[in-house]
Each structure stands twice: as C-alpha cells, then as structure tokens.
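J.: Next up, coords_25.pdb (PDB, C-alpha atoms, pLDDT in the B column).
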```pdb
ATOM      1  CA  MET A   1     -28.114  20.729 -19.564  1.00 49.00           C
ATOM      2  CA  SER A   2     -25.611  21.962 -16.972  1.00 49.00           C
ATOM      3  CA  ARG A   3     -23.265  19.622 -15.157  1.00 50.00           C
ATOM      4  CA  ARG A   4     -24.892  20.432 -11.810  1.00 52.00           C
ATOM      5  CA  ALA A   5     -28.289  19.373 -13.114  1.00 48.00           C
ATOM      6  CA  ALA A   6     -26.872  16.325 -14.886  1.00 50.00           C
ATOM      7  CA  ARG A   7     -25.352  14.783 -11.756  1.00 53.00           C
ATOM      8  CA  PRO A   8     -28.645  14.103  -9.912  1.00 53.00           C
ATOM      9  CA  LEU A   9     -30.116  12.755 -13.132  1.00 49.00           C
ATOM     10  CA  ALA A  10     -27.166  10.406 -13.622  1.00 51.00           C
ATOM     11  CA  LEU A  11     -27.455   9.213 -10.021  1.00 48.00           C
ATOM     12  CA  LEU A  12     -31.187   8.640 -10.473  1.00 45.00           C
ATOM     13  CA  CYS A  13     -30.553   6.637 -13.643  1.00 49.00           C
ATOM     14  CA  LEU A  14     -27.934   4.531 -11.844  1.00 50.00           C
ATOM     15  CA  VAL A  15     -30.297   3.778  -8.964  1.00 48.00           C
ATOM     16  CA  ALA A  16     -33.082   2.911 -11.406  1.00 46.00           C
ATOM     17  CA  LEU A  17     -30.733   0.672 -13.362  1.00 49.00           C
ATOM     18  CA  LEU A  18     -29.597  -1.223 -10.287  1.00 51.00           C
ATOM     19  CA  SER A  19     -33.087  -1.584  -8.862  1.00 49.00           C
ATOM     20  CA  GLY A  20     -34.569  -2.520 -12.213  1.00 47.00           C
ATOM     21  CA  CYS A  21     -31.990  -5.209 -12.805  1.00 49.00           C
ATOM     22  CA  SER A  22     -31.969  -6.535  -9.256  1.00 48.00           C
ATOM     23  CA  ALA A  23     -34.017  -9.571 -10.210  1.00 49.00           C
ATOM     24  CA  THR A  24     -31.502 -10.459 -12.903  1.00 65.00           C
ATOM     25  CA  TRP A  25     -28.334  -9.400 -11.158  1.00 68.00           C
ATOM     26  CA  GLY A  26     -29.163 -10.764  -7.727  1.00 75.00           C
ATOM     27  CA  TRP A  27     -28.352  -7.846  -5.464  1.00 81.00           C
ATOM     28  CA  TYR A  28     -30.180  -9.700  -2.695  1.00 80.00           C
ATOM     29  CA  VAL A  29     -26.927 -11.496  -1.865  1.00 86.00           C
ATOM     30  CA  VAL A  30     -25.478  -8.233  -0.515  1.00 85.00           C
ATOM     31  CA  ASP A  31     -28.706  -6.561   0.618  1.00 82.00           C
ATOM     32  CA  PRO A  32     -28.225  -5.503   4.263  1.00 85.00           C
ATOM     33  CA  THR A  33     -32.000  -5.453   4.815  1.00 86.00           C
ATOM     34  CA  THR A  34     -32.206  -9.234   4.462  1.00 86.00           C
ATOM     35  CA  PRO A  35     -30.654 -11.769   6.857  1.00 87.00           C
ATOM     36  CA  ARG A  36     -28.777 -13.510   4.056  1.00 87.00           C
ATOM     37  CA  GLY A  37     -27.396 -10.276   2.635  1.00 84.00           C
ATOM     38  CA  LEU A  38     -26.333  -9.043   6.071  1.00 88.00           C
ATOM     39  CA  VAL A  39     -24.454 -12.273   6.769  1.00 90.00           C
ATOM     40  CA  ASN A  40     -22.703 -12.018   3.395  1.00 89.00           C
ATOM     41  CA  LEU A  41     -21.711  -8.400   3.986  1.00 89.00           C
ATOM     42  CA  ARG A  42     -20.301  -9.256   7.398  1.00 92.00           C
ATOM     43  CA  PHE A  43     -18.342 -12.088   5.811  1.00 91.00           C
ATOM     44  CA  LEU A  44     -16.895  -9.720   3.196  1.00 90.00           C
ATOM     45  CA  VAL A  45     -15.943  -7.056   5.740  1.00 91.00           C
ATOM     46  CA  SER A  46     -14.335  -9.636   8.050  1.00 92.00           C
ATOM     47  CA  GLY A  47     -11.247  -9.602   5.841  1.00 89.00           C
ATOM     48  CA  LEU A  48     -10.616  -5.900   6.495  1.00 91.00           C
ATOM     49  CA  GLY A  49      -8.468  -6.502   9.568  1.00 91.00           C
ATOM     50  CA  TYR A  50      -6.128  -8.812   7.684  1.00 92.00           C
ATOM     51  CA  THR A  51      -5.814  -6.329   4.812  1.00 93.00           C
ATOM     52  CA  LEU A  52      -4.961  -3.462   7.160  1.00 93.00           C
ATOM     53  CA  GLY A  53      -2.590  -5.535   9.290  1.00 94.00           C
ATOM     54  CA  LEU A  54      -0.795  -6.968   6.286  1.00 94.00           C
ATOM     55  CA  SER A  55      -0.423  -3.595   4.564  1.00 93.00           C
ATOM     56  CA  ALA A  56       0.620  -1.672   7.684  1.00 93.00           C
ATOM     57  CA  THR A  57       3.241  -4.238   8.707  1.00 95.00           C
ATOM     58  CA  ALA A  58       4.648  -4.481   5.187  1.00 95.00           C
ATOM     59  CA  ILE A  59       4.843  -0.697   4.672  1.00 94.00           C
ATOM     60  CA  VAL A  60       6.694  -0.159   7.980  1.00 94.00           C
ATOM     61  CA  ILE A  61       9.249  -2.828   7.123  1.00 95.00           C
ATOM     62  CA  SER A  62       9.634  -1.565   3.548  1.00 95.00           C
ATOM     63  CA  VAL A  63      10.224   2.027   4.694  1.00 94.00           C
ATOM     64  CA  VAL A  64      12.970   0.947   7.113  1.00 94.00           C
ATOM     65  CA  LEU A  65      14.530  -1.416   4.576  1.00 95.00           C
ATOM     66  CA  GLY A  66      14.257   1.193   1.828  1.00 94.00           C
ATOM     67  CA  LEU A  67      16.163   3.726   3.943  1.00 93.00           C
ATOM     68  CA  VAL A  68      18.832   1.142   4.730  1.00 93.00           C
ATOM     69  CA  VAL A  69      19.226   0.430   1.005  1.00 93.00           C
ATOM     70  CA  ALA A  70      19.141   4.116   0.008  1.00 93.00           C
ATOM     71  CA  LEU A  71      21.949   5.332   2.278  1.00 91.00           C
ATOM     72  CA  PRO A  72      24.682   3.151   0.696  1.00 90.00           C
ATOM     73  CA  GLY A  73      23.458   4.384  -2.685  1.00 88.00           C
ATOM     74  CA  LEU A  74      24.518   7.896  -1.636  1.00 87.00           C
ATOM     75  CA  SER A  75      27.931   6.788  -0.455  1.00 84.00           C
ATOM     76  CA  ALA A  76      31.153   8.020  -2.048  1.00 84.00           C
ATOM     77  CA  ARG A  77      32.334   4.409  -2.194  1.00 88.00           C
ATOM     78  CA  ARG A  78      31.558   2.762  -5.500  1.00 90.00           C
ATOM     79  CA  PRO A  79      31.045  -0.816  -4.136  1.00 91.00           C
ATOM     80  CA  LEU A  80      28.341   0.436  -1.764  1.00 91.00           C
ATOM     81  CA  ARG A  81      26.623   2.351  -4.538  1.00 90.00           C
ATOM     82  CA  MET A  82      26.747  -0.665  -6.832  1.00 94.00           C
ATOM     83  CA  ALA A  83      25.336  -2.965  -4.132  1.00 93.00           C
ATOM     84  CA  SER A  84      22.420  -0.585  -3.551  1.00 92.00           C
ATOM     85  CA  ARG A  85      21.757  -0.187  -7.263  1.00 93.00           C
ATOM     86  CA  THR A  86      21.916  -3.956  -7.849  1.00 94.00           C
ATOM     87  CA  TYR A  87      19.378  -4.623  -5.097  1.00 94.00           C
ATOM     88  CA  VAL A  88      16.985  -2.006  -6.433  1.00 94.00           C
ATOM     89  CA  GLU A  89      17.178  -3.188 -10.032  1.00 94.00           C
ATOM     90  CA  ILE A  90      16.763  -6.883  -9.196  1.00 94.00           C
ATOM     91  CA  VAL A  91      13.851  -6.438  -6.784  1.00 93.00           C
ATOM     92  CA  ARG A  92      12.024  -3.988  -9.053  1.00 91.00           C
ATOM     93  CA  ALA A  93      12.273  -6.443 -11.948  1.00 92.00           C
ATOM     94  CA  VAL A  94      10.368  -9.212 -10.128  1.00 93.00           C
ATOM     95  CA  PRO A  95       6.538  -9.000 -10.299  1.00 93.00           C
ATOM     96  CA  ILE A  96       4.887  -8.923  -6.874  1.00 93.00           C
ATOM     97  CA  LEU A  97       2.723 -11.977  -7.557  1.00 93.00           C
ATOM     98  CA  VAL A  98       5.783 -14.005  -8.551  1.00 94.00           C
ATOM     99  CA  LEU A  99       7.627 -12.830  -5.424  1.00 94.00           C
ATOM    100  CA  ILE A 100       4.691 -13.813  -3.201  1.00 94.00           C
ATOM    101  CA  LEU A 101       4.622 -17.311  -4.686  1.00 94.00           C
ATOM    102  CA  TRP A 102       8.418 -17.628  -4.431  1.00 94.00           C
ATOM    103  CA  VAL A 103       8.523 -16.592  -0.779  1.00 93.00           C
ATOM    104  CA  TYR A 104       5.665 -18.915   0.176  1.00 93.00           C
ATOM    105  CA  TYR A 105       6.677 -21.974  -1.835  1.00 93.00           C
ATOM    106  CA  GLY A 106      10.377 -21.481  -2.625  1.00 91.00           C
ATOM    107  CA  LEU A 107      11.843 -19.976   0.536  1.00 89.00           C
ATOM    108  CA  PRO A 108      11.162 -23.082   2.697  1.00 90.00           C
ATOM    109  CA  VAL A 109      12.951 -25.266   0.144  1.00 91.00           C
ATOM    110  CA  ILE A 110      16.051 -23.047   0.070  1.00 89.00           C
ATOM    111  CA  THR A 111      16.336 -22.021   3.731  1.00 88.00           C
ATOM    112  CA  GLY A 112      14.229 -24.593   5.563  1.00 86.00           C
ATOM    113  CA  ILE A 113      12.231 -21.718   7.089  1.00 85.00           C
ATOM    114  CA  THR A 114       8.483 -22.085   6.667  1.00 86.00           C
ATOM    115  CA  LEU A 115       6.398 -18.927   6.928  1.00 88.00           C
ATOM    116  CA  GLY A 116       2.653 -18.699   7.319  1.00 90.00           C
ATOM    117  CA  VAL A 117       0.535 -16.942   4.728  1.00 92.00           C
ATOM    118  CA  PHE A 118       0.526 -13.668   6.690  1.00 94.00           C
ATOM    119  CA  TRP A 119       4.289 -13.366   7.079  1.00 94.00           C
ATOM    120  CA  SER A 120       4.930 -14.685   3.588  1.00 93.00           C
ATOM    121  CA  GLY A 121       2.754 -11.862   2.298  1.00 94.00           C
ATOM    122  CA  VAL A 122       4.467  -9.317   4.539  1.00 95.00           C
ATOM    123  CA  VAL A 123       7.958 -10.398   3.459  1.00 95.00           C
ATOM    124  CA  ALA A 124       7.075 -10.417  -0.243  1.00 95.00           C
ATOM    125  CA  LEU A 125       5.282  -7.051  -0.189  1.00 95.00           C
ATOM    126  CA  ALA A 126       7.972  -5.426   1.968  1.00 95.00           C
ATOM    127  CA  LEU A 127      10.805  -6.671  -0.246  1.00 94.00           C
ATOM    128  CA  SER A 128       9.062  -5.546  -3.410  1.00 94.00           C
ATOM    129  CA  ASP A 129       8.168  -2.117  -2.049  1.00 94.00           C
ATOM    130  CA  SER A 130      11.562  -1.531  -0.410  1.00 94.00           C
ATOM    131  CA  ALA A 131      13.190  -1.010  -3.805  1.00 93.00           C
ATOM    132  CA  PHE A 132      10.747   1.799  -4.600  1.00 93.00           C
ATOM    133  CA  GLN A 133      11.131   3.228  -1.108  1.00 94.00           C
ATOM    134  CA  ALA A 134      14.909   3.285  -1.575  1.00 93.00           C
ATOM    135  CA  GLU A 135      14.562   5.381  -4.707  1.00 93.00           C
ATOM    136  CA  ILE A 136      12.116   7.714  -2.963  1.00 93.00           C
ATOM    137  CA  PHE A 137      14.504   8.231  -0.050  1.00 93.00           C
ATOM    138  CA  ARG A 138      17.461   8.678  -2.358  1.00 91.00           C
ATOM    139  CA  GLY A 139      15.671  11.373  -4.328  1.00 90.00           C
ATOM    140  CA  GLY A 140      14.439  13.091  -1.177  1.00 90.00           C
ATOM    141  CA  ILE A 141      17.877  13.168   0.453  1.00 89.00           C
ATOM    142  CA  GLN A 142      19.553  14.384  -2.727  1.00 88.00           C
ATOM    143  CA  SER A 143      17.035  17.241  -2.948  1.00 88.00           C
ATOM    144  CA  ILE A 144      18.321  18.754   0.302  1.00 86.00           C
ATOM    145  CA  ASP A 145      20.580  21.740  -0.296  1.00 87.00           C
ATOM    146  CA  ARG A 146      24.301  21.179   0.191  1.00 85.00           C
ATOM    147  CA  GLY A 147      24.373  24.066   2.636  1.00 85.00           C
ATOM    148  CA  GLN A 148      22.494  21.930   5.159  1.00 84.00           C
ATOM    149  CA  TYR A 149      25.392  19.488   5.266  1.00 82.00           C
ATOM    150  CA  GLU A 150      27.854  22.335   5.671  1.00 81.00           C
ATOM    151  CA  ALA A 151      25.780  23.832   8.498  1.00 85.00           C
ATOM    152  CA  ALA A 152      25.744  20.457  10.260  1.00 82.00           C
ATOM    153  CA  ALA A 153      29.502  20.127   9.812  1.00 83.00           C
ATOM    154  CA  SER A 154      30.004  23.569  11.330  1.00 83.00           C
ATOM    155  CA  LEU A 155      28.209  22.274  14.447  1.00 83.00           C
ATOM    156  CA  SER A 156      30.600  19.286  14.548  1.00 79.00           C
ATOM    157  CA  LEU A 157      27.803  16.813  13.839  1.00 82.00           C
ATOM    158  CA  GLY A 158      28.825  13.408  12.583  1.00 83.00           C
ATOM    159  CA  TYR A 159      27.234  11.565   9.675  1.00 81.00           C
ATOM    160  CA  ARG A 160      24.653   9.793  11.847  1.00 84.00           C
ATOM    161  CA  ASP A 161      23.554  12.943  13.696  1.00 84.00           C
ATOM    162  CA  THR A 162      23.523  14.946  10.468  1.00 84.00           C
ATOM    163  CA  MET A 163      21.151  12.464   8.899  1.00 86.00           C
ATOM    164  CA  ARG A 164      19.039  12.059  12.013  1.00 83.00           C
ATOM    165  CA  TYR A 165      18.582  15.687  13.036  1.00 84.00           C
ATOM    166  CA  VAL A 166      19.142  17.703   9.859  1.00 85.00           C
ATOM    167  CA  ILE A 167      18.705  15.843   6.573  1.00 86.00           C
ATOM    168  CA  LEU A 168      16.071  13.153   7.143  1.00 87.00           C
ATOM    169  CA  PRO A 169      13.473  15.409   8.846  1.00 87.00           C
ATOM    170  CA  GLN A 170      13.558  17.745   5.842  1.00 86.00           C
ATOM    171  CA  ALA A 171      13.601  14.878   3.355  1.00 88.00           C
ATOM    172  CA  LEU A 172      10.592  13.227   5.004  1.00 87.00           C
ATOM    173  CA  ARG A 173       8.497  16.359   4.500  1.00 86.00           C
ATOM    174  CA  ARG A 174       9.335  16.340   0.811  1.00 87.00           C
ATOM    175  CA  ILE A 175       8.744  12.644   0.203  1.00 89.00           C
ATOM    176  CA  LEU A 176       5.584  12.297   2.311  1.00 88.00           C
ATOM    177  CA  PRO A 177       3.252  12.409  -0.748  1.00 87.00           C
ATOM    178  CA  ALA A 178       5.295   9.666  -2.397  1.00 89.00           C
ATOM    179  CA  LEU A 179       5.225   7.582   0.795  1.00 89.00           C
ATOM    180  CA  GLY A 180       1.455   8.034   0.917  1.00 88.00           C
ATOM    181  CA  ASN A 181       1.181   6.819  -2.656  1.00 89.00           C
ATOM    182  CA  GLN A 182       3.187   3.736  -1.743  1.00 90.00           C
ATOM    183  CA  LEU A 183       0.846   3.014   1.161  1.00 90.00           C
ATOM    184  CA  VAL A 184      -2.134   3.180  -1.198  1.00 91.00           C
ATOM    185  CA  TYR A 185      -0.225   0.960  -3.621  1.00 90.00           C
ATOM    186  CA  MET A 186       0.472  -1.497  -0.789  1.00 92.00           C
ATOM    187  CA  LEU A 187      -3.207  -1.659   0.149  1.00 91.00           C
ATOM    188  CA  LYS A 188      -4.112  -2.556  -3.409  1.00 91.00           C
ATOM    189  CA  MET A 189      -1.296  -5.047  -3.892  1.00 92.00           C
ATOM    190  CA  SER A 190      -2.235  -6.840  -0.663  1.00 92.00           C
ATOM    191  CA  SER A 191      -5.103  -8.352  -2.647  1.00 91.00           C
ATOM    192  CA  LEU A 192      -2.569 -10.538  -4.459  1.00 92.00           C
ATOM    193  CA  VAL A 193      -1.756 -12.378  -1.233  1.00 93.00           C
ATOM    194  CA  SER A 194      -5.149 -14.053  -1.600  1.00 91.00           C
ATOM    195  CA  VAL A 195      -3.522 -16.509  -4.030  1.00 91.00           C
ATOM    196  CA  ILE A 196      -1.732 -18.241  -1.127  1.00 90.00           C
ATOM    197  CA  GLY A 197      -4.839 -18.340   1.068  1.00 86.00           C
ATOM    198  CA  MET A 198      -4.621 -15.098   3.035  1.00 87.00           C
ATOM    199  CA  GLN A 199      -8.115 -14.362   4.378  1.00 87.00           C
ATOM    200  CA  GLU A 200      -8.169 -10.684   3.400  1.00 90.00           C
ATOM    201  CA  LEU A 201     -10.840  -8.763   1.493  1.00 90.00           C
ATOM    202  CA  THR A 202     -10.231 -10.292  -1.931  1.00 91.00           C
ATOM    203  CA  ARG A 203     -10.027 -13.842  -0.628  1.00 91.00           C
ATOM    204  CA  LYS A 204     -13.302 -13.396   1.237  1.00 91.00           C
ATOM    205  CA  ALA A 205     -14.947 -12.117  -1.946  1.00 91.00           C
ATOM    206  CA  ASN A 206     -13.597 -15.052  -3.972  1.00 90.00           C
ATOM    207  CA  GLU A 207     -14.931 -17.551  -1.438  1.00 91.00           C
ATOM    208  CA  LEU A 208     -18.347 -15.909  -1.386  1.00 90.00           C
ATOM    209  CA  VAL A 209     -18.523 -15.942  -5.184  1.00 91.00           C
ATOM    210  CA  VAL A 210     -17.962 -19.706  -5.124  1.00 90.00           C
ATOM    211  CA  THR A 211     -20.919 -20.234  -2.790  1.00 90.00           C
ATOM    212  CA  GLU A 212     -23.323 -17.596  -4.120  1.00 85.00           C
ATOM    213  CA  TYR A 213     -22.444 -17.589  -7.852  1.00 87.00           C
ATOM    214  CA  ARG A 214     -22.950 -13.808  -8.023  1.00 85.00           C
ATOM    215  CA  PRO A 215     -19.567 -12.365  -9.052  1.00 87.00           C
ATOM    216  CA  LEU A 216     -20.864  -8.993 -10.285  1.00 87.00           C
ATOM    217  CA  GLU A 217     -22.626  -8.058  -7.070  1.00 87.00           C
ATOM    218  CA  ILE A 218     -19.935  -9.394  -4.747  1.00 89.00           C
ATOM    219  CA  TYR A 219     -16.996  -7.871  -6.611  1.00 91.00           C
ATOM    220  CA  THR A 220     -18.884  -4.577  -6.793  1.00 90.00           C
ATOM    221  CA  VAL A 221     -18.969  -4.566  -2.988  1.00 91.00           C
ATOM    222  CA  LEU A 222     -15.262  -5.432  -3.008  1.00 92.00           C
ATOM    223  CA  VAL A 223     -14.556  -2.431  -5.231  1.00 92.00           C
ATOM    224  CA  ALA A 224     -16.539  -0.225  -2.841  1.00 92.00           C
ATOM    225  CA  GLU A 225     -14.547  -1.588   0.121  1.00 92.00           C
ATOM    226  CA  TYR A 226     -11.192  -0.778  -1.445  1.00 93.00           C
ATOM    227  CA  LEU A 227     -12.450   2.596  -2.656  1.00 92.00           C
ATOM    228  CA  ALA A 228     -13.628   3.620   0.818  1.00 92.00           C
ATOM    229  CA  LEU A 229     -10.438   2.330   2.440  1.00 91.00           C
ATOM    230  CA  ILE A 230      -8.112   4.120   0.051  1.00 92.00           C
ATOM    231  CA  LEU A 231     -10.072   7.370   0.195  1.00 92.00           C
ATOM    232  CA  VAL A 232      -9.738   7.356   3.997  1.00 92.00           C
ATOM    233  CA  VAL A 233      -6.001   6.630   3.815  1.00 90.00           C
ATOM    234  CA  SER A 234      -5.468   9.313   1.169  1.00 89.00           C
ATOM    235  CA  ALA A 235      -7.329  11.865   3.291  1.00 91.00           C
ATOM    236  CA  ALA A 236      -5.203  10.951   6.319  1.00 90.00           C
ATOM    237  CA  VAL A 237      -1.993  11.368   4.316  1.00 87.00           C
ATOM    238  CA  ARG A 238      -3.110  14.778   3.032  1.00 88.00           C
ATOM    239  CA  TRP A 239      -3.987  15.860   6.575  1.00 89.00           C
ATOM    240  CA  LEU A 240      -0.560  14.768   7.826  1.00 84.00           C
ATOM    241  CA  GLU A 241       1.109  16.590   4.958  1.00 81.00           C
ATOM    242  CA  ARG A 242      -0.746  19.820   5.749  1.00 84.00           C
ATOM    243  CA  LYS A 243       0.116  19.493   9.436  1.00 81.00           C
ATOM    244  CA  MET A 244       3.815  18.987   8.725  1.00 76.00           C
ATOM    245  CA  ASN A 245       3.849  21.956   6.341  1.00 72.00           C
ATOM    246  CA  ALA A 246       2.111  24.109   8.938  1.00 70.00           C
ATOM    247  CA  ASP A 247       4.668  23.110  11.591  1.00 63.00           C
ATOM    248  CA  GLU A 248       7.492  23.946   9.182  1.00 63.00           C
ATOM    249  CA  ARG A 249       6.144  27.464   8.567  1.00 63.00           C
ATOM    250  CA  ARG A 250       5.997  28.261  12.283  1.00 62.00           C
TER     251      ARG A 250
END
```
Rewrite the structure from the file as structure tokens, please.

T.:
Amino acid sequence: MSRRAARPLALLCLVALLSGCSATWGWYVVDPTTPRGLVNLRFLVSGLGYTLGLSATAIVISVVLGLVVALPGLSARRPLRMASRTYVEIVRAVPILVLILWVYYGLPVITGITLGVFWSGVVALALSDSAFQAEIFRGGIQSIDRGQYEAAASLSLGYRDTMRYVILPQALRRILPALGNQLVYMLKMSSLVSVIGMQELTRKANELVVTEYRPLEIYTVLVAEYLALILVVSAAVRWLERKMNADERR
C-alpha cells in the first residue's frame, strides 16, 4: 500500500478508535457540541492570554539582556570577558524550574522584594534564556567578516555606531532562526510557571483534571493547544526570515 493511500486509512482508524472508546475515555468533557464540553474548552483556552503575555515579555527582556551580556564577552579586556562567561555558565547550569521557585520564594527573603506570579515567571524565564541568547548573539556577531569593521572604521564610525548600523543588522539576519527557536522554547517552558499558580494553559488543564478526573482527554487538548500555538509562531518566524532575506537581496 502506498503512503498516500495509507494516510486516509490511518486517519480513519484514529477517528474510529477515538469514537469507539469515547464511552470509556470520556471525550464528552471536551466535546464542543455539549454545554459542559464547551464550558470546559473555554476554560482551557482562557489561559492562552497569560501564556502569550508571559512568553512575549520574557523573550523581549531575555533578548535585550542577552545582547548586554554578549557584548562584554567580545571585549579585548579579559575581566569583561570573564564576567560575561561566568554569568553564562552559572545561569545555564540552573534548571528553569528551580530558578522559577527560587525567584518566587527566595528572592523576597533576600531582597525584600515580593513579585507576583506573572513577574516571577517573567524574571525567571528571562534570566534563564538570556544566557542562551548571549551565546547566540556572540556567535552571530563573530560570524560577521572583519572587513565590515574595517569599512565602518574607514567611515569614522565609533564602536556604538558600528554595532548599531553595520554589525548587528547583519548578525540579526543570521541568528533569526535561532531566536525563533528560543521563542518556541520559551512558549513551552512557560508551562513550568504553573507550579507557582500562574493561570496559563497548563495550570488551567491541571485544575480541570482535578474537577473532571479525565486527564487523558484534557491533556490531549492541552497538547493540541501548544501544537497549534507553536506551529503558528514557527510559521511567523519563517515568514519574517524570508522577508528579511528578500530585503537583503534587493
């Protein structure tokens, strides 16, 4: 049997399996054709805004912080390079879940500053991701040909203007796929913030499981939510990459 013919058959088998086992598996809890299922689906989707807001805020902060950390790592001064390297190695060594718990429970004890669950999640995710962003920026900047620096120097551009107008625009085009991967990674890691009570997608699913006692069906919807979200983000990143490449060829 050819692959083209096998795909509809596999889909038919999957539909038959799900419908045949509905009485045992309890798909009614997420069935949009019933009032109860529709309410449950709306409850699950209601966490989408928090997931997007948390991830978007954290990725913006991590990109800025990563660039700030990366630039000293390219300095000719050894203390600056060592400070950048130390930050990257320490932050990368701490698991994200541990960092989330430390920021939420430990930071108020040390600094006296109490953050809500949203900003605790943002700070933890941004700090964790900034170390990876720093390495991405460092690699992207180092990939730029030395002649670009010499051309900027011939125009009497200082370090700041050289980075702003010459080096970083070229580096951003090269590291855009890696930045897109980090955004996808951030979306997935945002689910860990549910452990401190953040009402995002995963937290909503956990709460619904407690009331409905149907983990398979509810977590299947959760998987579908993340899959759809990440596919949309990945498509947007690819579109932006093609647009930037097209502009560069003009």

J.: I need the output of the PyMOL selection byres ((chain A and resi 65) around 10) for this file as a list in words; which residues are they?

T.: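 Answer for the PyMOL selection byres ((chain A and resi 65) around 10): Ile59, Val60, Ile61, Ser62, Val63, Val64, Gly66, Leu67, Val68, Val69, Ala70, Ala126, Leu127, Asp129, Ser130, Ala131, Gln133 and Ala134 of chain A.
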
J.: Evaluate the PyMOL selection byres ((chain A and resi 143) around 12) and record the selected residues as a PDB file with C-alpha atoms, keeping the file's coordinate frame, following the chain and residue labels used in the document.

T.:
```pdb
ATOM      1  CA  ILE A 136      12.116   7.714  -2.963  1.00 93.00           C
ATOM      2  CA  PHE A 137      14.504   8.231  -0.050  1.00 93.00           C
ATOM      3  CA  ARG A 138      17.461   8.678  -2.358  1.00 91.00           C
ATOM      4  CA  GLY A 139      15.671  11.373  -4.328  1.00 90.00           C
ATOM      5  CA  GLY A 140      14.439  13.091  -1.177  1.00 90.00           C
ATOM      6  CA  ILE A 141      17.877  13.168   0.453  1.00 89.00           C
ATOM      7  CA  GLN A 142      19.553  14.384  -2.727  1.00 88.00           C
ATOM      8  CA  ILE A 144      18.321  18.754   0.302  1.00 86.00           C
ATOM      9  CA  ASP A 145      20.580  21.740  -0.296  1.00 87.00           C
ATOM     10  CA  ARG A 146      24.301  21.179   0.191  1.00 85.00           C
ATOM     11  CA  GLY A 147      24.373  24.066   2.636  1.00 85.00           C
ATOM     12  CA  GLN A 148      22.494  21.930   5.159  1.00 84.00           C
ATOM     13  CA  TYR A 149      25.392  19.488   5.266  1.00 82.00           C
ATOM     14  CA  ILE A 167      18.705  15.843   6.573  1.00 86.00           C
ATOM     15  CA  LEU A 168      16.071  13.153   7.143  1.00 87.00           C
ATOM     16  CA  GLN A 170      13.558  17.745   5.842  1.00 86.00           C
ATOM     17  CA  ALA A 171      13.601  14.878   3.355  1.00 88.00           C
ATOM     18  CA  LEU A 172      10.592  13.227   5.004  1.00 87.00           C
ATOM     19  CA  ARG A 173       8.497  16.359   4.500  1.00 86.00           C
ATOM     20  CA  ARG A 174       9.335  16.340   0.811  1.00 87.00           C
ATOM     21  CA  ILE A 175       8.744  12.644   0.203  1.00 89.00           C
TER      22      ILE A 175
END
```

J.: Give me, as JSON, numbers by chain, all polymer residues having an atom no more than 12 Å from Ile230 of chain A, counting only C-alpha atoms and skipping those fewer than 2 positions away in the same chain.

T.: {"A": [51, 52, 55, 180, 181, 182, 183, 184, 185, 186, 187, 188, 223, 224, 225, 226, 227, 228, 232, 233, 234, 235, 236, 237]}

J.: What is the atom CA of Pro169 of chain A to atom CA of Arg81 of chain A distance in Å?

T.: 22.9 Å

J.: I'd like to know which of A:Leu216, A:Val123, A:Arg160, A:Glu241 is closest to Ala58 of chain A, using only C-alpha atoms.

T.: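 Looking only at the distances to Ala58 of chain A, the closest residue turns out to be A:Val123.
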
J.: Would you save segment 115-152 of chain A to a file, keeping C-alpha atoms, as a PDB file, in the first residue's frame?

T.:
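Saved the output as decode-v1.pdb:
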```pdb
ATOM      1  CA  LEU A 115       6.891  39.667  42.949  1.00  0.00           C
ATOM      2  CA  GLY A 116       3.580  38.304  41.761  1.00  0.00           C
ATOM      3  CA  VAL A 117       3.390  35.017  39.905  1.00  0.00           C
ATOM      4  CA  PHE A 118       3.440  36.729  36.494  1.00  0.00           C
ATOM      5  CA  TRP A 119       6.574  38.791  37.072  1.00  0.00           C
ATOM      6  CA  SER A 120       8.277  35.990  38.966  1.00  0.00           C
ATOM      7  CA  GLY A 121       7.766  33.824  35.897  1.00  0.00           C
ATOM      8  CA  VAL A 122       8.964  36.578  33.571  1.00  0.00           C
ATOM      9  CA  VAL A 123      12.120  37.220  35.609  1.00  0.00           C
ATOM     10  CA  ALA A 124      12.974  33.524  35.909  1.00  0.00           C
ATOM     11  CA  LEU A 125      12.357  32.725  32.231  1.00  0.00           C
ATOM     12  CA  ALA A 126      14.170  35.858  31.038  1.00  0.00           C
ATOM     13  CA  LEU A 127      17.211  35.192  33.226  1.00  0.00           C
ATOM     14  CA  SER A 128      17.416  31.572  32.145  1.00  0.00           C
ATOM     15  CA  ASP A 129      17.014  32.346  28.451  1.00  0.00           C
ATOM     16  CA  SER A 130      19.366  35.348  28.497  1.00  0.00           C
ATOM     17  CA  ALA A 131      22.385  33.067  28.853  1.00  0.00           C
ATOM     18  CA  PHE A 132      21.427  31.220  25.665  1.00  0.00           C
ATOM     19  CA  GLN A 133      20.630  34.489  23.916  1.00  0.00           C
ATOM     20  CA  ALA A 134      24.082  35.798  24.849  1.00  0.00           C
ATOM     21  CA  GLU A 135      25.737  32.836  23.174  1.00  0.00           C
ATOM     22  CA  ILE A 136      23.535  33.250  20.100  1.00  0.00           C
ATOM     23  CA  PHE A 137      24.451  36.927  19.795  1.00  0.00           C
ATOM     24  CA  ARG A 138      28.112  36.221  20.400  1.00  0.00           C
ATOM     25  CA  GLY A 139      28.193  33.628  17.640  1.00  0.00           C
ATOM     26  CA  GLY A 140      26.244  35.854  15.264  1.00  0.00           C
ATOM     27  CA  ILE A 141      28.495  38.874  15.812  1.00  0.00           C
ATOM     28  CA  GLN A 142      31.655  36.799  15.483  1.00  0.00           C
ATOM     29  CA  SER A 143      30.396  35.428  12.154  1.00  0.00           C
ATOM     30  CA  ILE A 144      30.500  38.893  10.577  1.00  0.00           C
ATOM     31  CA  ASP A 145      33.527  39.368   8.343  1.00  0.00           C
ATOM     32  CA  ARG A 146      36.340  41.505   9.726  1.00  0.00           C
ATOM     33  CA  GLY A 147      36.141  43.688   6.642  1.00  0.00           C
ATOM     34  CA  GLN A 148      32.836  45.093   7.893  1.00  0.00           C
ATOM     35  CA  TYR A 149      34.587  46.532  10.933  1.00  0.00           C
ATOM     36  CA  GLU A 150      37.311  47.992   8.746  1.00  0.00           C
ATOM     37  CA  ALA A 151      34.721  49.547   6.421  1.00  0.00           C
ATOM     38  CA  ALA A 152      32.980  51.127   9.415  1.00  0.00           C
TER      39      ALA A 152
END
```
